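What follows is the content of model_5.pdb (PDB, C-alpha atoms).
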ATOM      1  CA  MET X   1     -48.557  85.916  18.369
ATOM      2  CA  GLU X   2     -49.575  83.579  15.598
ATOM      3  CA  PHE X   3     -48.750  85.424  12.367
ATOM      4  CA  THR X   4     -50.116  84.016   9.101
ATOM      5  CA  TYR X   5     -46.818  84.207   7.222
ATOM      6  CA  PRO X   6     -43.283  82.985   7.958
ATOM      7  CA  ASP X   7     -41.278  86.105   7.028
ATOM      8  CA  VAL X   8     -42.064  88.188  10.120
ATOM      9  CA  GLY X   9     -39.985  91.376  10.220
ATOM     10  CA  ALA X  10     -38.974  91.408   6.549
ATOM     11  CA  THR X  11     -40.138  95.018   6.119
ATOM     12  CA  LEU X  12     -37.489  96.120   8.621
ATOM     13  CA  THR X  13     -34.641  94.353   6.848
ATOM     14  CA  GLY X  14     -35.866  95.394   3.401
ATOM     15  CA  ASP X  15     -35.312  91.857   2.110
ATOM     16  CA  LEU X  16     -38.908  91.219   1.019
ATOM     17  CA  PRO X  17     -39.775  87.556   0.474
ATOM     18  CA  ALA X  18     -40.583  85.982  -2.885
ATOM     19  CA  GLY X  19     -44.117  84.817  -3.579
ATOM     20  CA  TYR X  20     -45.776  88.039  -2.432
ATOM     21  CA  THR X  21     -46.866  91.252  -4.104
ATOM     22  CA  HIS X  22     -44.391  93.984  -3.107
ATOM     23  CA  LEU X  23     -45.513  97.602  -2.868
ATOM     24  CA  ARG X  24     -43.650 100.699  -1.693
ATOM     25  CA  HIS X  25     -44.648 104.344  -1.604
ATOM     26  CA  SER X  26     -42.633 107.330  -0.299
ATOM     27  CA  ARG X  27     -43.637 110.944   0.186
ATOM     28  CA  VAL X  28     -41.970 113.986   1.689
ATOM     29  CA  LEU X  29     -44.417 115.446   4.177
ATOM     30  CA  ARG X  30     -45.110 119.109   4.814
ATOM     31  CA  VAL X  31     -45.584 118.576   8.536
ATOM     32  CA  PRO X  32     -42.819 118.520  11.148
ATOM     33  CA  PHE X  33     -41.304 115.148  11.947
ATOM     34  CA  GLU X  34     -42.482 115.232  15.591
ATOM     35  CA  GLU X  35     -46.132 115.781  14.648
ATOM     36  CA  ALA X  36     -46.054 113.088  11.982
ATOM     37  CA  ALA X  37     -44.398 110.635  14.387
ATOM     38  CA  GLU X  38     -46.965 111.234  17.124
ATOM     39  CA  ALA X  39     -49.842 110.754  14.671
ATOM     40  CA  LEU X  40     -48.273 107.575  13.331
ATOM     41  CA  MET X  41     -47.567 106.071  16.748
ATOM     42  CA  THR X  42     -51.095 106.717  18.105
ATOM     43  CA  TRP X  43     -53.249 105.223  15.318
ATOM     44  CA  GLN X  44     -54.306 108.657  14.029
ATOM     45  CA  VAL X  45     -53.518 107.816  10.409
ATOM     46  CA  GLN X  46     -55.995 104.924  10.449
ATOM     47  CA  HIS X  47     -58.634 107.124  12.106
ATOM     48  CA  ARG X  48     -58.051 109.849   9.518
ATOM     49  CA  LEU X  49     -58.799 107.362   6.739
ATOM     50  CA  GLY X  50     -62.111 106.369   8.286
ATOM     51  CA  MET X  51     -60.822 103.097   9.677
ATOM     52  CA  ARG X  52     -61.667 101.985  13.177
ATOM     53  CA  PRO X  53     -58.547 100.514  14.751
ATOM     54  CA  LEU X  54     -59.273  98.619  17.969
ATOM     55  CA  PRO X  55     -55.812  98.220  19.526
ATOM     56  CA  SER X  56     -54.872  96.464  22.755
ATOM     57  CA  ALA X  57     -52.905  99.637  23.679
ATOM     58  CA  PRO X  58     -53.334 103.341  22.839
ATOM     59  CA  ARG X  59     -49.815 103.569  21.458
ATOM     60  CA  VAL X  60     -47.990 101.295  19.017
ATOM     61  CA  ALA X  61     -45.586  98.907  20.778
ATOM     62  CA  PRO X  62     -44.161  95.447  20.117
ATOM     63  CA  GLY X  63     -46.724  92.774  20.890
ATOM     64  CA  VAL X  64     -49.749  95.072  20.610
ATOM     65  CA  LYS X  65     -52.647  93.542  18.727
ATOM     66  CA  VAL X  66     -55.039  95.639  16.670
ATOM     67  CA  THR X  67     -58.093  94.810  14.641
ATOM     68  CA  VAL X  68     -58.662  97.384  11.947
ATOM     69  CA  HIS X  69     -62.251  97.759  10.776
ATOM     70  CA  LEU X  70     -63.078  99.335   7.427
ATOM     71  CA  ALA X  71     -66.721  99.130   6.412
ATOM     72  CA  VAL X  72     -67.535  95.403   6.675
ATOM     73  CA  LEU X  73     -63.903  94.235   6.576
ATOM     74  CA  LYS X  74     -62.117  93.176   9.742
ATOM     75  CA  ALA X  75     -58.326  92.838   9.706
ATOM     76  CA  PRO X  76     -56.576  91.431  12.819
ATOM     77  CA  CYS X  77     -52.879  92.382  13.018
ATOM     78  CA  GLY X  78     -49.994  92.292  15.450
ATOM     79  CA  ILE X  79     -47.176  94.809  15.813
ATOM     80  CA  VAL X  80     -43.975  93.205  14.531
ATOM     81  CA  TRP X  81     -41.376  95.937  15.148
ATOM     82  CA  VAL X  82     -41.216  99.520  16.389
ATOM     83  CA  ILE X  83     -38.567 102.217  15.956
ATOM     84  CA  GLU X  84     -38.613 105.431  18.000
ATOM     85  CA  GLU X  85     -35.374 107.341  17.527
ATOM     86  CA  GLN X  86     -34.487 111.019  17.228
ATOM     87  CA  ASP X  87     -34.524 110.944  13.416
ATOM     88  CA  ARG X  88     -36.604 107.838  12.664
ATOM     89  CA  ALA X  89     -39.959 106.537  13.835
ATOM     90  CA  GLY X  90     -42.126 103.760  12.579
ATOM     91  CA  TRP X  91     -43.565 100.340  12.929
ATOM     92  CA  ALA X  92     -44.936  97.345  11.071
ATOM     93  CA  TYR X  93     -47.873  95.128  11.597
ATOM     94  CA  GLY X  94     -48.356  91.627  10.337
ATOM     95  CA  THR X  95     -51.474  89.659   9.597
ATOM     96  CA  LEU X  96     -53.055  87.380  12.178
ATOM     97  CA  PRO X  97     -55.645  84.621  11.618
ATOM     98  CA  GLY X  98     -58.869  86.104  10.248
ATOM     99  CA  HIS X  99     -57.147  88.794   8.160
ATOM    100  CA  PRO X 100     -58.153  88.684   4.465
ATOM    101  CA  GLU X 101     -54.497  89.039   3.407
ATOM    102  CA  SER X 102     -51.273  87.404   4.513
ATOM    103  CA  GLY X 103     -48.186  89.580   4.942
ATOM    104  CA  GLU X 104     -46.787  92.720   6.501
ATOM    105  CA  GLU X 105     -47.088  96.492   6.179
ATOM    106  CA  SER X 106     -44.646  99.035   7.566
ATOM    107  CA  PHE X 107     -44.639 102.798   8.050
ATOM    108  CA  LEU X 108     -41.250 104.465   8.473
ATOM    109  CA  LEU X 109     -40.651 108.188   9.013
ATOM    110  CA  GLU X 110     -37.238 109.783   8.559
ATOM    111  CA  ARG X 111     -36.388 113.320   9.643
ATOM    112  CA  LEU X 112     -35.148 115.501   6.800
ATOM    113  CA  PRO X 113     -32.537 118.273   7.345
ATOM    114  CA  ASP X 114     -35.283 120.946   7.261
ATOM    115  CA  GLY X 115     -37.256 119.223  10.065
ATOM    116  CA  ARG X 116     -39.945 117.738   7.867
ATOM    117  CA  ALA X 117     -40.455 114.014   7.538
ATOM    118  CA  LYS X 118     -40.334 111.551   4.704
ATOM    119  CA  VAL X 119     -42.637 108.569   5.038
ATOM    120  CA  THR X 120     -42.045 105.243   3.335
ATOM    121  CA  ILE X 121     -44.771 102.624   3.411
ATOM    122  CA  THR X 122     -43.763  99.098   2.439
ATOM    123  CA  VAL X 123     -46.026  96.099   1.947
ATOM    124  CA  PHE X 124     -45.608  92.488   1.042
ATOM    125  CA  SER X 125     -48.814  90.505   0.826
ATOM    126  CA  ARG X 126     -50.693  87.721  -0.838
ATOM    127  CA  PRO X 127     -54.300  86.569  -0.626
ATOM    128  CA  GLY X 128     -55.226  85.076   2.708
ATOM    129  CA  SER X 129     -58.887  84.354   2.026
ATOM    130  CA  LEU X 130     -61.218  83.366  -0.777
ATOM    131  CA  LEU X 131     -62.401  86.975  -1.019
ATOM    132  CA  THR X 132     -58.919  88.334  -1.743
ATOM    133  CA  ARG X 133     -58.118  85.459  -4.107
ATOM    134  CA  LEU X 134     -61.233  86.298  -6.110
ATOM    135  CA  GLY X 135     -60.359  90.010  -6.000
ATOM    136  CA  GLY X 136     -57.064  89.389  -7.796
ATOM    137  CA  PRO X 137     -55.637  92.559  -9.396
ATOM    138  CA  LEU X 138     -58.378  94.702  -7.830
ATOM    139  CA  VAL X 139     -56.965  93.926  -4.375
ATOM    140  CA  THR X 140     -53.476  95.064  -5.448
ATOM    141  CA  LEU X 141     -54.924  98.217  -7.011
ATOM    142  CA  THR X 142     -56.784  98.970  -3.762
ATOM    143  CA  GLN X 143     -53.579  98.420  -1.762
ATOM    144  CA  ARG X 144     -51.703 100.877  -4.008
ATOM    145  CA  LEU X 145     -54.431 103.443  -3.447
ATOM    146  CA  PHE X 146     -54.321 102.969   0.323
ATOM    147  CA  LEU X 147     -50.544 103.436   0.435
ATOM    148  CA  ARG X 148     -51.010 106.852  -1.173
ATOM    149  CA  LEU X 149     -53.963 107.667   1.094
ATOM    150  CA  TYR X 150     -51.960 106.715   4.209
ATOM    151  CA  ALA X 151     -49.152 109.086   3.192
ATOM    152  CA  ARG X 152     -51.613 111.851   2.337
ATOM    153  CA  ALA X 153     -53.491 111.436   5.620
ATOM    154  CA  LEU X 154     -50.250 111.648   7.549
ATOM    155  CA  ASP X 155     -49.252 114.760   5.598
ATOM    156  CA  LEU X 156     -52.569 116.465   6.295
ATOM    157  CA  TYR X 157     -52.817 115.372   9.921
ATOM    158  CA  ALA X 158     -51.288 118.498  11.432
ATOM    159  CA  LYS X 159     -53.076 121.015   9.197
ATOM    160  CA  PRO X 160     -55.994 123.066  10.574
ATOM    161  CA  ALA X 161     -59.299 121.154  10.520
ATOM    162  CA  ASP X 162     -60.902 123.348   7.841
ATOM    163  CA  ASP X 163     -57.924 122.761   5.490
ATOM    164  CA  LYS X 164     -58.021 118.991   6.118
ATOM    165  CA  ASP X 165     -61.622 118.697   5.002
ATOM    166  CA  GLN X 166     -60.982 120.630   1.813
ATOM    167  CA  GLU X 167     -57.970 118.546   0.744
ATOM    168  CA  MET X 168     -59.317 115.031   1.301
TER     169      MET X 168
END
File written out as structure tokens:
Amino acid sequence: MEFTYPDVGATLTGDLPAGYTHLRHSRVLRVPFEEAAEALMTWQVQHRLGMRPLPSAPRVAPGVKVTVHLAVLKAPCGIVWVIEEQDRAGWAYGTLPGHPESGEESFLLERLPDGRAKVTITVFSRPGSLLTRLGGPLVTLTQRLFLRLYARALDLYAKPADDKDQEM
């Protein structure tokens, strides 16, 4: 895959590169780890947020490509790393040519002693197009909002449908 940035995999090591905006958001979820992991690994979080992910596979895996559509925006990405362990699950995707940003975003779930999950979403990015350069601080503000919405969508995923609609 032809990623648009040199620091592929930096969200896994935690050593985020200089020259990018760094964002991180964590939340303890109310849903069981297994349910959160399944939702995360099958693109359900993106669907829940009204995005249209068009992946090359139904489940996240190394090498899978996905183009995420949100309104008129199109964001091609490639899966950089995947973890599926008893107490941890997650993955990261990195930007491919045509994405309005340049960088990486990861989603990592950890099982807590009570069976719930904690999600940590980590991003490093910088403008990758004229549109995002012109957007400046508004782009970063939107990214911060989406980190919180991702965590909230994952938390609400396993709730009954009537509760989901009331909370979003």
Evaluate the PyMOL selection byres ((chain X and resi 60-69) around 10) on the structure here and hand back the selected residues as a VMD selection string. chain X and resid 1 40 to 43 46 to 47 50 to 59 70 to 84 90 to 96 98 to 99
Could you dump the residues just selected with C-alpha atoms as a PDB file, keeping the file's coordinate frame?
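Wrote result_9.pdb, looks like this:
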ATOM      1  CA  MET X   1     -48.557  85.916  18.369  1.00  0.00           C
ATOM      2  CA  LEU X  40     -48.273 107.575  13.331  1.00  0.00           C
ATOM      3  CA  MET X  41     -47.567 106.071  16.748  1.00  0.00           C
ATOM      4  CA  THR X  42     -51.095 106.717  18.105  1.00  0.00           C
ATOM      5  CA  TRP X  43     -53.249 105.223  15.318  1.00  0.00           C
ATOM      6  CA  GLN X  46     -55.995 104.924  10.449  1.00  0.00           C
ATOM      7  CA  HIS X  47     -58.634 107.124  12.106  1.00  0.00           C
ATOM      8  CA  GLY X  50     -62.111 106.369   8.286  1.00  0.00           C
ATOM      9  CA  MET X  51     -60.822 103.097   9.677  1.00  0.00           C
ATOM     10  CA  ARG X  52     -61.667 101.985  13.177  1.00  0.00           C
ATOM     11  CA  PRO X  53     -58.547 100.514  14.751  1.00  0.00           C
ATOM     12  CA  LEU X  54     -59.273  98.619  17.969  1.00  0.00           C
ATOM     13  CA  PRO X  55     -55.812  98.220  19.526  1.00  0.00           C
ATOM     14  CA  SER X  56     -54.872  96.464  22.755  1.00  0.00           C
ATOM     15  CA  ALA X  57     -52.905  99.637  23.679  1.00  0.00           C
ATOM     16  CA  PRO X  58     -53.334 103.341  22.839  1.00  0.00           C
ATOM     17  CA  ARG X  59     -49.815 103.569  21.458  1.00  0.00           C
ATOM     18  CA  LEU X  70     -63.078  99.335   7.427  1.00  0.00           C
ATOM     19  CA  ALA X  71     -66.721  99.130   6.412  1.00  0.00           C
ATOM     20  CA  VAL X  72     -67.535  95.403   6.675  1.00  0.00           C
ATOM     21  CA  LEU X  73     -63.903  94.235   6.576  1.00  0.00           C
ATOM     22  CA  LYS X  74     -62.117  93.176   9.742  1.00  0.00           C
ATOM     23  CA  ALA X  75     -58.326  92.838   9.706  1.00  0.00           C
ATOM     24  CA  PRO X  76     -56.576  91.431  12.819  1.00  0.00           C
ATOM     25  CA  CYS X  77     -52.879  92.382  13.018  1.00  0.00           C
ATOM     26  CA  GLY X  78     -49.994  92.292  15.450  1.00  0.00           C
ATOM     27  CA  ILE X  79     -47.176  94.809  15.813  1.00  0.00           C
ATOM     28  CA  VAL X  80     -43.975  93.205  14.531  1.00  0.00           C
ATOM     29  CA  TRP X  81     -41.376  95.937  15.148  1.00  0.00           C
ATOM     30  CA  VAL X  82     -41.216  99.520  16.389  1.00  0.00           C
ATOM     31  CA  ILE X  83     -38.567 102.217  15.956  1.00  0.00           C
ATOM     32  CA  GLU X  84     -38.613 105.431  18.000  1.00  0.00           C
ATOM     33  CA  GLY X  90     -42.126 103.760  12.579  1.00  0.00           C
ATOM     34  CA  TRP X  91     -43.565 100.340  12.929  1.00  0.00           C
ATOM     35  CA  ALA X  92     -44.936  97.345  11.071  1.00  0.00           C
ATOM     36  CA  TYR X  93     -47.873  95.128  11.597  1.00  0.00           C
ATOM     37  CA  GLY X  94     -48.356  91.627  10.337  1.00  0.00           C
ATOM     38  CA  THR X  95     -51.474  89.659   9.597  1.00  0.00           C
ATOM     39  CA  LEU X  96     -53.055  87.380  12.178  1.00  0.00           C
ATOM     40  CA  GLY X  98     -58.869  86.104  10.248  1.00  0.00           C
ATOM     41  CA  HIS X  99     -57.147  88.794   8.160  1.00  0.00           C
TER      42      HIS X  99
END
Spell out the residues picked by the PyMOL selection byres ((chain X and resi 115) around 12) here, as an MDAnalysis selection string. chainID X and resid 28:37 86:88 109:114 116:118
Atom pair atom CA of X:Val8 + atom CA of X:Gly103, distance 8.1 Å
Name the residues captured by the PyMOL selection byres ((chain X and resi 14-26) around 12) when it is applied to the shown file; answer as JSON, numbers by chain. {"X": [5, 6, 7, 8, 9, 10, 11, 12, 13, 27, 28, 29, 101, 102, 103, 104, 105, 106, 107, 108, 109, 110, 117, 118, 119, 120, 121, 122, 123, 124, 125, 126, 127, 128, 136, 137, 139, 140, 141, 142, 143, 144, 145, 146, 147, 148, 149, 150, 151, 152, 154, 155]}
Just-selected residues, C-alpha atoms written as a PDB file, keeping the file's coordinate frame:
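Below is the file selection03.pdb, written as the result:
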ATOM      1  CA  TYR X   5     -46.818  84.207   7.222  1.00  0.00           C
ATOM      2  CA  PRO X   6     -43.283  82.985   7.958  1.00  0.00           C
ATOM      3  CA  ASP X   7     -41.278  86.105   7.028  1.00  0.00           C
ATOM      4  CA  VAL X   8     -42.064  88.188  10.120  1.00  0.00           C
ATOM      5  CA  GLY X   9     -39.985  91.376  10.220  1.00  0.00           C
ATOM      6  CA  ALA X  10     -38.974  91.408   6.549  1.00  0.00           C
ATOM      7  CA  THR X  11     -40.138  95.018   6.119  1.00  0.00           C
ATOM      8  CA  LEU X  12     -37.489  96.120   8.621  1.00  0.00           C
ATOM      9  CA  THR X  13     -34.641  94.353   6.848  1.00  0.00           C
ATOM     10  CA  ARG X  27     -43.637 110.944   0.186  1.00  0.00           C
ATOM     11  CA  VAL X  28     -41.970 113.986   1.689  1.00  0.00           C
ATOM     12  CA  LEU X  29     -44.417 115.446   4.177  1.00  0.00           C
ATOM     13  CA  GLU X 101     -54.497  89.039   3.407  1.00  0.00           C
ATOM     14  CA  SER X 102     -51.273  87.404   4.513  1.00  0.00           C
ATOM     15  CA  GLY X 103     -48.186  89.580   4.942  1.00  0.00           C
ATOM     16  CA  GLU X 104     -46.787  92.720   6.501  1.00  0.00           C
ATOM     17  CA  GLU X 105     -47.088  96.492   6.179  1.00  0.00           C
ATOM     18  CA  SER X 106     -44.646  99.035   7.566  1.00  0.00           C
ATOM     19  CA  PHE X 107     -44.639 102.798   8.050  1.00  0.00           C
ATOM     20  CA  LEU X 108     -41.250 104.465   8.473  1.00  0.00           C
ATOM     21  CA  LEU X 109     -40.651 108.188   9.013  1.00  0.00           C
ATOM     22  CA  GLU X 110     -37.238 109.783   8.559  1.00  0.00           C
ATOM     23  CA  ALA X 117     -40.455 114.014   7.538  1.00  0.00           C
ATOM     24  CA  LYS X 118     -40.334 111.551   4.704  1.00  0.00           C
ATOM     25  CA  VAL X 119     -42.637 108.569   5.038  1.00  0.00           C
ATOM     26  CA  THR X 120     -42.045 105.243   3.335  1.00  0.00           C
ATOM     27  CA  ILE X 121     -44.771 102.624   3.411  1.00  0.00           C
ATOM     28  CA  THR X 122     -43.763  99.098   2.439  1.00  0.00           C
ATOM     29  CA  VAL X 123     -46.026  96.099   1.947  1.00  0.00           C
ATOM     30  CA  PHE X 124     -45.608  92.488   1.042  1.00  0.00           C
ATOM     31  CA  SER X 125     -48.814  90.505   0.826  1.00  0.00           C
ATOM     32  CA  ARG X 126     -50.693  87.721  -0.838  1.00  0.00           C
ATOM     33  CA  PRO X 127     -54.300  86.569  -0.626  1.00  0.00           C
ATOM     34  CA  GLY X 128     -55.226  85.076   2.708  1.00  0.00           C
ATOM     35  CA  GLY X 136     -57.064  89.389  -7.796  1.00  0.00           C
ATOM     36  CA  PRO X 137     -55.637  92.559  -9.396  1.00  0.00           C
ATOM     37  CA  VAL X 139     -56.965  93.926  -4.375  1.00  0.00           C
ATOM     38  CA  THR X 140     -53.476  95.064  -5.448  1.00  0.00           C
ATOM     39  CA  LEU X 141     -54.924  98.217  -7.011  1.00  0.00           C
ATOM     40  CA  THR X 142     -56.784  98.970  -3.762  1.00  0.00           C
ATOM     41  CA  GLN X 143     -53.579  98.420  -1.762  1.00  0.00           C
ATOM     42  CA  ARG X 144     -51.703 100.877  -4.008  1.00  0.00           C
ATOM     43  CA  LEU X 145     -54.431 103.443  -3.447  1.00  0.00           C
ATOM     44  CA  PHE X 146     -54.321 102.969   0.323  1.00  0.00           C
ATOM     45  CA  LEU X 147     -50.544 103.436   0.435  1.00  0.00           C
ATOM     46  CA  ARG X 148     -51.010 106.852  -1.173  1.00  0.00           C
ATOM     47  CA  LEU X 149     -53.963 107.667   1.094  1.00  0.00           C
ATOM     48  CA  TYR X 150     -51.960 106.715   4.209  1.00  0.00           C
ATOM     49  CA  ALA X 151     -49.152 109.086   3.192  1.00  0.00           C
ATOM     50  CA  ARG X 152     -51.613 111.851   2.337  1.00  0.00           C
ATOM     51  CA  LEU X 154     -50.250 111.648   7.549  1.00  0.00           C
ATOM     52  CA  ASP X 155     -49.252 114.760   5.598  1.00  0.00           C
TER      53      ASP X 155
END
Just the residues within 8 Å of X:Ala153, please, counting all atoms listed in the file, with nothing from its chain fewer than 6 positions along; format it as number ranges by chain. X: 45, 48-49
